[in-house]
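Peer 1: Next comes the structure file run.txt, holding compact mmCIF, C-alpha atoms.
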```txt
# COMPACT_ATOMS: atom_id res chain seq x y z
CA MET A 1079 2.23 -42.40 -31.43
CA LYS A 1080 2.15 -43.26 -27.76
CA ASN A 1081 5.84 -42.37 -27.41
CA LEU A 1082 5.25 -39.12 -29.30
CA ALA A 1083 2.38 -38.18 -26.99
CA LEU A 1084 4.57 -38.96 -23.99
CA LEU A 1085 7.37 -36.83 -25.41
CA LEU A 1086 5.00 -33.91 -26.04
CA GLY A 1087 3.68 -34.26 -22.51
CA LEU A 1088 7.19 -34.10 -21.10
CA ILE A 1089 7.95 -31.02 -23.21
CA LEU A 1090 4.81 -29.30 -21.90
CA VAL A 1091 5.75 -30.12 -18.31
CA PHE A 1092 9.22 -28.71 -18.91
CA ILE A 1093 7.80 -25.51 -20.39
CA ASP A 1094 5.31 -25.12 -17.52
CA ALA A 1095 8.10 -25.59 -14.97
CA LYS A 1096 9.69 -22.25 -15.83
CA ASP A 1097 8.92 -19.18 -13.72
CA ILE A 1098 7.05 -16.48 -15.60
CA LYS A 1099 9.22 -13.95 -17.42
CA GLY A 1100 10.54 -11.10 -15.29
CA SER A 1101 9.82 -12.78 -11.96
CA LYS A 1102 12.27 -13.54 -9.19
CA ASP A 1103 12.34 -14.58 -5.54
CA VAL A 1104 12.68 -12.13 -2.68
CA GLU A 1105 16.43 -12.20 -2.19
CA PHE A 1106 16.45 -13.14 1.49
CA LEU A 1107 13.61 -15.71 1.35
CA LYS A 1108 14.11 -19.32 0.28
CA ARG A 1109 11.37 -20.79 -1.87
CA PHE A 1110 9.68 -24.15 -1.35
CA LYS A 1111 11.70 -26.73 -3.29
CA GLY A 1112 10.18 -27.45 -6.69
CA SER A 1113 7.68 -24.58 -6.61
CA GLU A 1114 7.14 -22.28 -9.61
CA ILE A 1115 6.29 -18.58 -9.86
CA VAL A 1116 3.02 -18.19 -11.78
CA ALA A 1117 2.29 -14.51 -10.96
CA PHE A 1118 4.58 -11.63 -10.02
CA ARG A 1119 4.22 -7.93 -9.32
CA TYR A 1120 6.81 -5.43 -8.08
CA GLU A 1121 6.20 -1.88 -6.86
CA ASN A 1122 9.08 0.30 -5.75
CA TYR A 1123 6.91 2.21 -3.28
CA ASN A 1124 3.29 1.62 -2.33
CA ARG A 1125 1.15 0.90 0.70
CA PHE A 1126 -0.16 -2.45 1.88
CA LYS A 1127 -2.67 -3.25 4.63
CA LEU A 1128 -1.32 -6.24 6.59
CA PRO A 1129 -4.08 -8.31 8.28
CA LEU A 1130 -3.61 -8.79 12.03
CA ALA A 1131 -7.06 -10.20 12.86
CA PRO A 1132 -9.92 -12.13 11.22
CA LEU A 1133 -12.18 -10.41 8.72
CA LYS A 1134 -15.00 -8.28 10.10
CA LYS A 1135 -18.35 -8.09 8.30
CA PHE A 1136 -19.88 -4.76 7.24
CA PRO A 1137 -23.41 -5.86 6.19
CA ASP A 1138 -24.49 -2.43 4.92
CA LYS A 1139 -21.47 -2.01 2.64
CA LYS A 1140 -20.66 -3.63 -0.72
CA ASP A 1141 -17.42 -3.88 -2.69
CA GLU A 1142 -17.09 -3.08 -6.42
CA ASN A 1143 -18.33 -6.60 -7.32
CA ASN A 1144 -21.48 -6.38 -5.15
CA ASN A 1145 -20.06 -8.61 -2.42
CA ILE A 1146 -20.91 -7.93 1.22
CA TYR A 1147 -17.88 -6.06 2.49
CA PHE A 1148 -15.32 -7.57 4.85
CA GLU A 1149 -12.00 -6.26 6.05
CA PRO A 1150 -9.58 -7.29 8.81
CA ALA A 1151 -10.76 -6.13 12.24
CA LYS A 1152 -7.18 -5.06 12.87
CA SER A 1153 -4.44 -4.33 10.36
CA LEU A 1154 -1.10 -2.60 9.97
CA GLU A 1155 -0.74 0.12 7.32
CA LEU A 1156 2.63 -0.41 5.64
CA LYS A 1157 4.50 1.73 3.12
CA GLY A 1158 7.52 0.65 1.16
CA LYS A 1159 8.74 -1.74 -1.54
CA HIS A 1160 5.96 -4.24 -2.30
CA ILE A 1161 6.60 -7.62 -3.91
CA ARG A 1162 3.72 -9.99 -4.73
CA ILE A 1163 4.60 -13.56 -5.76
CA VAL A 1164 2.21 -16.45 -6.41
CA TYR A 1165 3.91 -19.84 -6.18
CA GLU A 1166 2.47 -23.12 -7.41
CA MET A 1167 3.66 -25.94 -5.19
CA PRO A 1168 4.85 -29.33 -6.51
CA PRO A 1169 2.14 -32.02 -6.92
CA ASN A 1170 0.89 -33.65 -3.72
CA THR A 1171 2.11 -30.82 -1.50
CA SER A 1172 -0.36 -30.09 1.29
CA VAL A 1173 -1.25 -26.56 2.32
CA PHE A 1174 -0.07 -27.36 5.84
CA GLU A 1175 3.37 -28.47 4.61
CA ALA A 1176 3.85 -25.40 2.43
CA MET A 1177 2.73 -22.97 5.13
CA GLN A 1178 4.87 -24.69 7.78
CA ASN A 1179 7.93 -24.27 5.59
CA TYR A 1180 7.29 -20.54 5.26
CA GLU A 1181 6.81 -20.21 9.02
CA ASP A 1182 10.13 -22.06 9.47
CA GLU A 1183 11.73 -19.58 7.08
CA VAL A 1184 10.42 -16.65 9.13
CA ALA A 1185 11.90 -18.24 12.28
CA ARG A 1186 15.24 -18.84 10.52
CA LEU A 1187 15.45 -15.13 9.76
CA GLY A 1188 14.71 -14.14 13.36
CA GLY A 1189 11.17 -13.04 12.60
CA LYS A 1190 7.88 -13.62 14.37
CA VAL A 1191 4.33 -14.47 13.36
CA LEU A 1192 1.89 -11.63 14.09
CA PHE A 1193 -1.41 -13.33 13.22
CA ARG A 1194 -2.47 -16.79 12.09
CA CYS A 1195 -5.80 -18.31 11.01
CA GLU A 1196 -7.24 -21.29 9.13
CA LYS A 1197 -10.48 -21.80 7.21
CA GLU A 1198 -13.51 -20.38 9.09
CA GLN A 1199 -11.23 -18.68 11.63
CA CYS A 1200 -10.19 -16.21 8.92
CA GLY A 1201 -13.72 -14.94 8.26
CA GLY A 1202 -15.51 -14.12 5.01
CA ASP A 1203 -15.96 -16.60 2.17
CA ILE A 1204 -13.28 -19.26 2.68
CA HIS A 1205 -13.79 -20.80 -0.79
CA ARG A 1206 -13.07 -17.69 -2.84
CA ALA A 1207 -9.75 -16.19 -3.87
CA SER A 1208 -9.85 -12.77 -5.63
CA ASP A 1209 -12.74 -13.41 -8.01
CA GLY A 1210 -16.51 -13.54 -7.53
CA GLY A 1211 -19.47 -11.24 -7.04
CA GLY A 1212 -22.82 -11.09 -5.28
CA GLY A 1213 -21.69 -13.01 -2.20
CA LEU A 1214 -19.23 -12.47 0.61
CA MET A 1215 -15.76 -10.97 0.30
CA SER A 1216 -12.85 -13.30 1.03
CA LEU A 1217 -9.53 -12.84 2.79
CA VAL A 1218 -7.72 -12.86 -0.56
CA MET A 1219 -10.09 -10.19 -1.93
CA SER A 1220 -9.28 -7.98 1.04
CA ILE A 1221 -5.58 -8.33 0.24
CA GLU A 1222 -5.83 -7.86 -3.52
CA SER A 1223 -8.87 -7.03 -5.64
CA LYS A 1224 -9.97 -8.68 -8.88
CA ALA A 1225 -9.15 -5.49 -10.80
CA THR A 1226 -5.58 -5.49 -9.52
CA VAL A 1227 -5.14 -9.16 -10.43
CA ASP A 1228 -6.35 -8.41 -13.97
CA SER A 1229 -3.83 -5.57 -14.26
CA TYR A 1230 -0.80 -7.90 -14.28
CA ASN A 1231 -2.18 -11.27 -15.43
CA LYS A 1232 -3.46 -12.31 -18.85
CA ASP A 1233 -6.84 -14.02 -19.15
CA PHE A 1234 -6.64 -17.71 -18.24
CA SER A 1235 -2.92 -17.44 -17.51
CA PRO A 1236 -1.58 -19.68 -14.70
CA GLY A 1237 -1.40 -16.62 -12.45
CA GLN A 1238 -4.96 -15.51 -13.09
CA CYS A 1239 -6.21 -19.07 -12.64
CA ALA A 1240 -4.37 -19.38 -9.33
CA LEU A 1241 -5.90 -16.12 -8.08
CA PHE A 1242 -9.42 -16.53 -9.47
CA ASP A 1243 -10.42 -20.16 -9.03
CA TRP A 1244 -12.49 -21.50 -6.14
CA ILE A 1245 -10.36 -22.77 -3.27
CA ASN A 1246 -10.18 -25.17 -0.33
CA ASP A 1247 -8.04 -25.49 2.82
CA LEU A 1248 -7.49 -21.76 3.31
CA SER A 1249 -4.60 -20.91 5.66
CA TYR A 1250 -2.99 -17.57 6.50
CA PHE A 1251 -0.31 -15.89 8.58
CA SER A 1252 1.30 -12.46 8.72
CA ALA A 1253 4.80 -11.94 10.07
CA GLU A 1254 7.54 -9.42 10.74
CA ILE A 1255 11.27 -9.86 10.04
CA PRO A 1256 12.90 -6.89 11.84
CA ASP A 1257 16.45 -7.49 10.57
CA LYS A 1258 15.18 -7.08 7.00
CA ASN A 1259 12.73 -4.24 7.72
CA ALA A 1260 10.21 -6.61 6.16
CA TYR A 1261 6.63 -7.75 6.72
CA LEU A 1262 5.10 -10.87 5.17
CA SER A 1263 1.54 -11.81 4.25
CA VAL A 1264 1.30 -15.51 3.38
CA VAL A 1265 -1.88 -17.17 2.08
CA GLY A 1266 -2.05 -20.89 1.28
CA TYR A 1267 -4.84 -22.90 -0.33
CA LYS A 1268 -5.73 -25.64 -2.81
CA GLY A 1269 -7.46 -24.90 -6.10
CA GLN A 1270 -10.79 -26.61 -6.83
CA GLY A 1271 -10.29 -26.65 -10.59
CA GLN A 1272 -13.80 -25.32 -11.33
CA TRP A 1273 -12.69 -22.34 -13.40
CA CYS A 1274 -9.28 -23.62 -14.56
CA LYS A 1275 -8.85 -27.39 -14.56
CA GLN A 1276 -5.08 -27.12 -14.06
CA THR A 1277 -5.55 -25.71 -10.55
CA LYS A 1278 -7.44 -28.76 -9.25
CA ASN A 1279 -5.83 -30.08 -6.05
CA ARG A 1280 -2.75 -27.90 -6.62
CA THR A 1281 -1.48 -25.92 -3.65
CA PHE A 1282 -0.70 -22.22 -4.10
CA ILE A 1283 1.10 -19.73 -1.91
CA LEU A 1284 0.27 -16.03 -2.26
CA LEU A 1285 3.22 -14.17 -0.80
CA ASP A 1286 3.25 -10.41 -0.21
CA VAL A 1287 6.47 -8.90 1.09
CA VAL A 1288 6.70 -5.24 2.10
CA ILE A 1289 10.15 -3.83 2.80
CA THR A 1290 9.60 -0.59 4.65
CA LYS A 1291 11.69 2.40 3.75
CA LYS A 1292 11.43 6.15 3.90
CA ARG A 1293 10.08 7.77 0.76
CA LYS A 1294 12.67 9.99 -0.86
CA ASN A 1295 11.72 13.64 -0.92
CA LYS A 1296 11.69 14.46 -4.61
CA MET A 1297 10.32 17.97 -4.15
CA VAL A 1298 12.90 20.68 -4.89
CA GLN A 1299 13.74 23.13 -2.10
CA ILE A 1300 12.08 26.41 -3.08
CA LYS A 1301 13.78 29.74 -2.41
CA ALA A 1302 12.06 32.98 -1.37
CA ASP A 1303 12.42 34.56 -4.84
CA GLU A 1304 10.80 31.50 -6.44
CA MET A 1305 7.95 31.70 -3.94
CA LYS A 1306 7.42 35.35 -4.84
CA GLU A 1307 7.28 34.66 -8.58
CA LYS A 1308 4.90 31.73 -8.16
CA ILE A 1309 2.56 33.74 -5.92
CA LYS A 1310 2.69 36.65 -8.37
CA LYS A 1311 1.75 34.32 -11.22
CA ASP A 1312 -0.81 32.00 -9.56
CA GLY A 1313 -1.72 33.74 -6.31
CA LYS A 1314 -0.41 30.74 -4.33
CA ILE A 1315 2.35 28.19 -3.99
CA ALA A 1316 2.36 24.61 -2.65
CA LEU A 1317 5.24 23.69 -0.33
CA TYR A 1318 6.44 20.18 0.52
CA GLY A 1319 9.35 21.00 2.80
CA ILE A 1320 7.34 21.39 6.01
CA TYR A 1321 7.19 18.08 7.87
CA PHE A 1322 4.95 16.64 10.59
CA ASP A 1323 4.68 13.19 12.13
CA THR A 1324 1.46 11.28 11.39
CA ASP A 1325 -1.49 12.79 13.28
CA LYS A 1326 0.80 15.43 14.83
CA ALA A 1327 0.96 19.22 14.45
CA GLU A 1328 4.49 19.80 15.79
CA ILE A 1329 6.85 20.98 13.05
CA LYS A 1330 9.84 18.68 12.62
CA PRO A 1331 13.34 20.24 12.74
CA LYS A 1332 14.11 19.36 9.10
CA SER A 1333 11.41 21.88 8.09
CA GLU A 1334 13.63 24.81 9.07
CA PRO A 1335 15.06 25.54 5.57
CA THR A 1336 11.56 26.01 4.13
CA ILE A 1337 10.30 28.05 7.11
CA LYS A 1338 13.37 30.25 6.81
CA GLU A 1339 12.64 30.94 3.14
CA ILE A 1340 9.01 31.86 3.96
CA ALA A 1341 10.32 34.31 6.56
CA LYS A 1342 12.72 35.80 4.01
CA LEU A 1343 9.85 36.16 1.51
CA LEU A 1344 7.81 38.09 4.08
CA LYS A 1345 10.71 40.30 5.18
CA ASP A 1346 11.67 41.14 1.59
CA ASN A 1347 8.04 41.98 0.77
CA PRO A 1348 6.70 43.89 3.81
CA LYS A 1349 3.25 44.51 2.27
CA LEU A 1350 2.63 40.84 1.54
CA LYS A 1351 0.02 39.06 3.64
CA LEU A 1352 -0.58 35.32 3.46
CA LEU A 1353 -3.09 32.61 4.17
CA ILE A 1354 -1.15 29.64 5.53
CA VAL A 1355 -3.27 26.71 4.35
CA GLY A 1356 -2.85 23.16 5.64
CA HIS A 1357 -3.88 20.25 3.38
CA THR A 1358 -4.07 16.50 4.10
CA ASP A 1359 -4.69 13.37 2.05
CA ASN A 1360 -7.97 11.47 2.43
CA GLN A 1361 -6.74 8.97 5.01
CA GLY A 1362 -8.96 9.44 8.06
CA ASN A 1363 -12.11 11.34 8.98
CA PHE A 1364 -12.70 14.62 7.11
CA ILE A 1365 -13.64 16.66 10.20
CA TYR A 1366 -10.69 15.29 12.18
CA ASN A 1367 -8.32 16.10 9.31
CA LYS A 1368 -9.76 19.61 9.06
CA GLY A 1369 -8.80 20.26 12.66
CA LEU A 1370 -5.40 18.64 12.17
CA SER A 1371 -4.66 20.67 9.03
CA LYS A 1372 -5.58 23.91 10.82
CA ARG A 1373 -3.37 23.06 13.81
CA ARG A 1374 -0.50 22.46 11.43
CA ALA A 1375 -1.13 25.81 9.72
CA GLN A 1376 -1.20 27.46 13.15
CA ALA A 1377 2.12 25.82 13.99
CA VAL A 1378 3.69 27.35 10.88
CA VAL A 1379 2.33 30.79 11.80
CA LYS A 1380 3.65 30.45 15.35
CA GLU A 1381 7.10 29.48 14.08
CA LEU A 1382 7.24 32.51 11.76
CA VAL A 1383 6.06 34.88 14.48
CA VAL A 1384 8.06 33.59 17.44
CA LYS A 1385 11.30 32.55 15.75
CA TYR A 1386 11.52 35.02 12.88
CA GLY A 1387 9.63 38.03 14.22
CA ILE A 1388 6.97 38.20 11.50
CA ASP A 1389 3.90 40.32 12.42
CA SER A 1390 1.02 37.93 13.17
CA ASP A 1391 -1.43 40.31 11.44
CA ARG A 1392 0.20 39.35 8.13
CA LEU A 1393 -0.59 35.63 8.56
CA HIS A 1394 -3.91 33.78 8.71
CA PRO A 1395 -3.94 29.99 9.35
CA VAL A 1396 -6.54 27.84 7.54
CA GLY A 1397 -7.16 24.09 7.53
CA VAL A 1398 -9.08 22.49 4.66
CA SER A 1399 -8.58 18.75 5.34
CA TYR A 1400 -8.68 16.96 1.95
CA ALA A 1401 -11.17 19.36 0.33
CA ALA A 1402 -8.71 20.60 -2.32
CA PRO A 1403 -6.63 17.69 -3.71
CA ILE A 1404 -4.25 18.32 -6.59
CA ALA A 1405 -3.79 14.61 -7.36
CA SER A 1406 -5.62 11.31 -6.93
CA ASN A 1407 -5.70 9.92 -3.40
CA ASP A 1408 -5.75 6.37 -4.79
CA THR A 1409 -1.94 6.14 -4.89
CA GLU A 1410 0.81 6.95 -2.41
CA GLU A 1411 2.38 9.32 -4.95
CA GLY A 1412 -0.89 11.23 -5.24
CA ARG A 1413 -1.44 11.35 -1.49
CA ALA A 1414 2.10 12.71 -1.04
CA LYS A 1415 1.26 15.59 -3.38
CA ASN A 1416 -1.93 16.31 -1.45
CA ARG A 1417 -0.15 16.52 1.92
CA ARG A 1418 1.15 20.06 1.70
CA VAL A 1419 1.17 23.60 3.07
CA GLU A 1420 0.13 26.34 0.68
CA LEU A 1421 0.90 30.03 0.82
CA VAL A 1422 -2.02 32.02 -0.62
CA GLU A 1423 -1.82 35.77 -1.12
CA LEU A 1424 -4.27 37.52 1.19
CA ILE A 1425 -5.80 40.63 -0.39
CA HIS A 1426 -7.57 43.22 1.78
```
Would you mind writing the structure in this file as C-alpha cells?
Peer 2:
Amino acid sequence: MKNLALLLGLILVFIDAKDIKGSKDVEFLKRFKGSEIVAFRYENYNRFKLPLAPLKKFPDKKDENNNIYFEPAKSLELKGKHIRIVYEMPPNTSVFEAMQNYEDEVARLGGKVLFRCEKEQCGGDIHRASDGGGGLMSLVMSIESKATVDSYNKDFSPGQCALFDWINDLSYFSAEIPDKNAYLSVVGYKGQGQWCKQTKNRTFILLDVVITKKRKNKMVQIKADEMKEKIKKDGKIALYGIYFDTDKAEIKPKSEPTIKEIAKLLKDNPKLKLLIVGHTDNQGNFIYNKGLSKRRAQAVVKELVVKYGIDSDRLHPVGVSYAAPIASNDTEEGRAKNRRVELVELIH
C-alpha cells in the first residue's frame, strides 16, 4: 500500500507538472528552469497600464469590491498584443532568485528596467493578490481585477489559487525591450496557503508582456456616393478615415482620401449643408475632450474650405466630446468606434 501511495503521488506530481492547455511562453523570453504555467491569457490587441511608480492612495474612492482605491502614481498607457502568464516556480525557489533571473533576461535582450519596488515600497496592501474586499487595493489588483481573473480561470484551479491567495515577499519591476517593441510587468511573491493549501510557500511570477503595434484600420474607405446614400437614409454618416495624433487637432496626411471624398460629395450636391461633428472616446476630461473634438471638426472644415474651395457657409463644426458613443468605451475596439468624425445633414 505504501508503494501504491508513493506511485500515485508521483503520478499526481507528473500531471501537475504540465503547463495548462493552450498556454505557451513568449517566444523571445526564456522561462525559469522547472517552472510551470498555471494561468494564461492572450489578447491580440488591448491596452495595458504599465506601473512606473508606487501605488497612490485615493481615500475617497472605492473599487468594485469596496476596497480603498489605489493606482500607480505614474504609469504608461500601452496598446498592442497582450500576453499574461502566471508561472509557478520549482519548490524552494525564493522570490529574489526568480525576479533576478527575469531581470537578467531583460538585460540579455538589451532592455532596461523602468521601475522597481519591494514590499511596502510598492504601496497598497502588500499581502493581497487580485482577491479581497473591504480593505486596501493591492499592486496586483491594480494590474488585473478579480473579475478578469475569474474570466479565464476555473474556481480553485491552480491559476485562480495563484492569483487569489494571500501573499508574502511582494516584488515588482517593469521594463522595456526596444528591439522587441515589448514592455514587461513582472510581479513575484510567495503564496501563504490560506485559501489554497497548494500555494503555501510556493513562489509565483505574474508576467504581463505587451508587444506594441499599430492597430489595423478595418474601416472601409467610403466614397462620395456611399456618403450621399447613407446621409439620405440616416441623416448622418460616421467616418473613420480622418486621423489625428493623440491630443492633437492637426489632420494627418493619410486623411486626404476621405477629405477628398467629402469635398466631392459637397461639389456633386451643391445644396447640401453639413454639421462636421467631432467625437472622442472617454479617455480624459469631458470638457477638455469637448474642446479637442471641436478643434478637430474645425480643422476638417478648414481643409475643405482652403484646399477644396468649399463655401464655409455650408459647413458648421461641432465638438461633442464623448457624449454620443456608439459602442462601449470599456474595450479598445469600442473606443476606436467612438473616435470618429460624423457628417450630419444641416437643414435650414
Peer 1: What is the distance, in Å and to one decimal place, between CA of Tyr1400 (chain A) and CA of Lys1368 (chain A)?
Peer 2: 7.7 Å
Peer 1: Quick one: everything within 6 Å of region 1372-1385 of chain A, counting only C-alpha atoms, minus sequence neighbours fewer than 2 positions away in the same chain. Send it as a PyMOL selection string.
Peer 2: chain A and resi 1327+1354-1356+1369-1370+1387-1388+1395-1397
Peer 1: Closest to Asp1209 (chain A) among A:Ile1289, A:Val1227, A:Val1184, A:Ala1131, using all atoms listed in the file?
Peer 2: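 Among the listed residues, the smallest separation from Asp1209 (chain A) belongs to A:Val1227.
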Peer 1: Which of these, A:Pro1335, A:Pro1348, A:Pro1132, A:Gly1319, has the shortest distance to Asp1203 (chain A) once you count only C-alpha atoms?
Peer 2: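 When distances to Asp1203 (chain A) are compared using only C-alpha atoms, the smallest one comes from A:Pro1132.
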Peer 1: Hey, which of A:Arg1109, A:Lys1139, A:Lys1338, A:Lys1332 ends up closest to Glu1181 (chain A)? Count all atoms listed in the file.
Peer 2: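 Between A:Arg1109, A:Lys1139, A:Lys1338, A:Lys1332, the residue approaching Glu1181 (chain A) most closely is A:Arg1109.
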Peer 1: Between CA of Leu1130 (chain A) and CA of Asp1243 (chain A), measure the distance and give it in Å to one decimal.
Peer 2: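 Computing the Euclidean distance for CA of Leu1130 (chain A) and CA of Asp1243 (chain A) yields 24.9 Å.
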Peer 1: Please identify all polymer residues lying at most 8 Å from the point (13.5, -3.1, 0.2) (file coordinates), using all atoms listed in the file, and present the result as a ChimeraX atom specification.
Peer 2: /A:1158-1159,1259-1260,1288-1291
Peer 1: What separation in Å, quoted to one decimal, exists between CA of Lys1224 (chain A) and CA of Gly1212 (chain A)?
Peer 2: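 Between CA of Lys1224 (chain A) and CA of Gly1212 (chain A) the gap works out to 13.6 Å.
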Peer 1: Env of Gly1271 (chain A): 9 Å cut, atoms = all atoms listed in the file, seq-sep filter 3 positions within chain, self excluded. Answer as a VMD selection string.
Peer 2: chain A and resid 1239 1243 to 1245 1274 to 1280
Peer 1: Restricting the calculation to only C-alpha atoms: of A:Ser1220, A:Ser1172, A:Val1116, A:Gly1201, which residue gets closest to Ser1153 (chain A)?
Peer 2: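 Result for the nearest residue to Ser1153 (chain A): A:Ser1220.
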Peer 1: Determine, counting only C-alpha atoms, which protein, DNA and RNA residues have an atom within 12 Å of an atom of Tyr1250 (chain A); residues of the same chain fewer than 3 positions away are not included. Present the result as a ChimeraX atom specification.
Peer 2: /A:1128-1133,1173-1174,1176-1178,1180-1181,1191-1201,1204,1217-1218,1221,1247,1253,1262-1267,1282-1286
Peer 1: For Lys1349 (chain A), which residue among A:Asn1143, A:Ile1115, A:Gln1272, A:Arg1392 is the nearest when counting only C-alpha atoms?
Peer 2: A:Arg1392
Peer 1: For Glu1155 (chain A), work out the shell of residues within 7 Å, counting only C-alpha atoms and skipping chain neighbours fewer than 3 positions away, then give it as a ChimeraX atom specification.
Peer 2: /A:1125-1128
Peer 1: Residues within 8 Å of Pro1403 (chain A), please, as a compact mmCIF listing (two decimals) with C-alpha atoms, in the frame of the given file. Count only C-alpha atoms; anything in the same chain fewer than 4 positions from it doesn't count.
Peer 2:
```
# COMPACT_ATOMS: atom_id res chain seq x y z
CA ASP A 1359 -4.69 13.37 2.05
CA ASN A 1407 -5.70 9.92 -3.40
CA ASN A 1416 -1.93 16.31 -1.45
```
Peer 1: Choose the residue, out of A:Ala1225, A:Leu1156, A:Ala1185, A:Ile1300, that has the smallest atom-to-atom separation from Tyr1318 (chain A); count only C-alpha atoms.
Peer 2: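 Smallest distance to Tyr1318 (chain A) is found for A:Ile1300.
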Peer 1: Could you give me, as a short mmCIF file (atom, residue, chain, number, x, y, z; two decimals) with C-alpha atoms, in the frame of the given file, the residues that sit within 12 Å of (-4.5, 18.9, -5.6) in the file's coordinates, counting only C-alpha atoms?
Peer 2:
```
data_model
loop_
_atom_site.label_atom_id
_atom_site.label_comp_id
_atom_site.auth_asym_id
_atom_site.auth_seq_id
_atom_site.Cartn_x
_atom_site.Cartn_y
_atom_site.Cartn_z
CA ILE A 1315 2.35 28.19 -3.99
CA ALA A 1316 2.36 24.61 -2.65
CA HIS A 1357 -3.88 20.25 3.38
CA THR A 1358 -4.07 16.50 4.10
CA ASP A 1359 -4.69 13.37 2.05
CA ASN A 1360 -7.97 11.47 2.43
CA VAL A 1398 -9.08 22.49 4.66
CA SER A 1399 -8.58 18.75 5.34
CA TYR A 1400 -8.68 16.96 1.95
CA ALA A 1401 -11.17 19.36 0.33
CA ALA A 1402 -8.71 20.60 -2.32
CA PRO A 1403 -6.63 17.69 -3.71
CA ILE A 1404 -4.25 18.32 -6.59
CA ALA A 1405 -3.79 14.61 -7.36
CA SER A 1406 -5.62 11.31 -6.93
CA ASN A 1407 -5.70 9.92 -3.40
CA GLU A 1411 2.38 9.32 -4.95
CA GLY A 1412 -0.89 11.23 -5.24
CA ARG A 1413 -1.44 11.35 -1.49
CA ALA A 1414 2.10 12.71 -1.04
CA LYS A 1415 1.26 15.59 -3.38
CA ASN A 1416 -1.93 16.31 -1.45
CA ARG A 1417 -0.15 16.52 1.92
CA ARG A 1418 1.15 20.06 1.70
CA VAL A 1419 1.17 23.60 3.07
CA GLU A 1420 0.13 26.34 0.68
#
```
Peer 1: Because the input lacks atoms here, generate N, CA and C atoms for region 1266-1282 of chain A and report them as a short mmCIF file (atom, residue, chain, number, x, y, z; two decimals), in the frame of the given file.
Peer 2:
```cif
data_model
loop_
_atom_site.label_atom_id
_atom_site.label_comp_id
_atom_site.auth_asym_id
_atom_site.auth_seq_id
_atom_site.Cartn_x
_atom_site.Cartn_y
_atom_site.Cartn_z
N GLY A 1266 -2.16 -19.59 1.92
CA GLY A 1266 -2.05 -20.89 1.28
C GLY A 1266 -3.41 -21.50 1.05
N TYR A 1267 -3.59 -22.21 -0.07
CA TYR A 1267 -4.84 -22.90 -0.33
C TYR A 1267 -4.67 -23.88 -1.49
N LYS A 1268 -5.67 -24.74 -1.66
CA LYS A 1268 -5.73 -25.64 -2.81
C LYS A 1268 -6.80 -25.16 -3.78
N GLY A 1269 -6.49 -25.25 -5.08
CA GLY A 1269 -7.46 -24.90 -6.10
C GLY A 1269 -8.49 -26.02 -6.27
N GLN A 1270 -9.73 -25.62 -6.59
CA GLN A 1270 -10.79 -26.61 -6.83
C GLN A 1270 -10.85 -27.06 -8.28
N GLY A 1271 -10.26 -26.27 -9.18
CA GLY A 1271 -10.29 -26.65 -10.59
C GLY A 1271 -11.63 -26.43 -11.27
N GLN A 1272 -12.50 -25.58 -10.71
CA GLN A 1272 -13.80 -25.32 -11.33
C GLN A 1272 -13.70 -24.35 -12.49
N TRP A 1273 -12.84 -23.37 -12.37
CA TRP A 1273 -12.69 -22.34 -13.40
C TRP A 1273 -11.54 -22.68 -14.34
N CYS A 1274 -10.45 -23.17 -13.79
CA CYS A 1274 -9.28 -23.62 -14.56
C CYS A 1274 -8.92 -25.03 -14.09
N LYS A 1275 -9.06 -25.99 -14.96
CA LYS A 1275 -8.85 -27.39 -14.56
C LYS A 1275 -7.46 -27.64 -14.01
N GLN A 1276 -6.46 -26.86 -14.49
CA GLN A 1276 -5.08 -27.12 -14.06
C GLN A 1276 -4.82 -26.77 -12.60
N THR A 1277 -5.76 -26.05 -11.96
CA THR A 1277 -5.55 -25.71 -10.55
C THR A 1277 -6.07 -26.79 -9.60
N LYS A 1278 -6.80 -27.78 -10.12
CA LYS A 1278 -7.44 -28.76 -9.25
C LYS A 1278 -6.43 -29.50 -8.38
N ASN A 1279 -6.66 -29.41 -7.06
CA ASN A 1279 -5.83 -30.08 -6.05
C ASN A 1279 -4.38 -29.61 -6.05
N ARG A 1280 -4.10 -28.47 -6.68
CA ARG A 1280 -2.75 -27.90 -6.62
C ARG A 1280 -2.70 -26.86 -5.50
N THR A 1281 -1.64 -26.87 -4.76
CA THR A 1281 -1.48 -25.92 -3.65
C THR A 1281 -0.77 -24.67 -4.14
N PHE A 1282 -1.28 -23.51 -3.72
CA PHE A 1282 -0.70 -22.22 -4.10
C PHE A 1282 -0.35 -21.42 -2.83
#
```
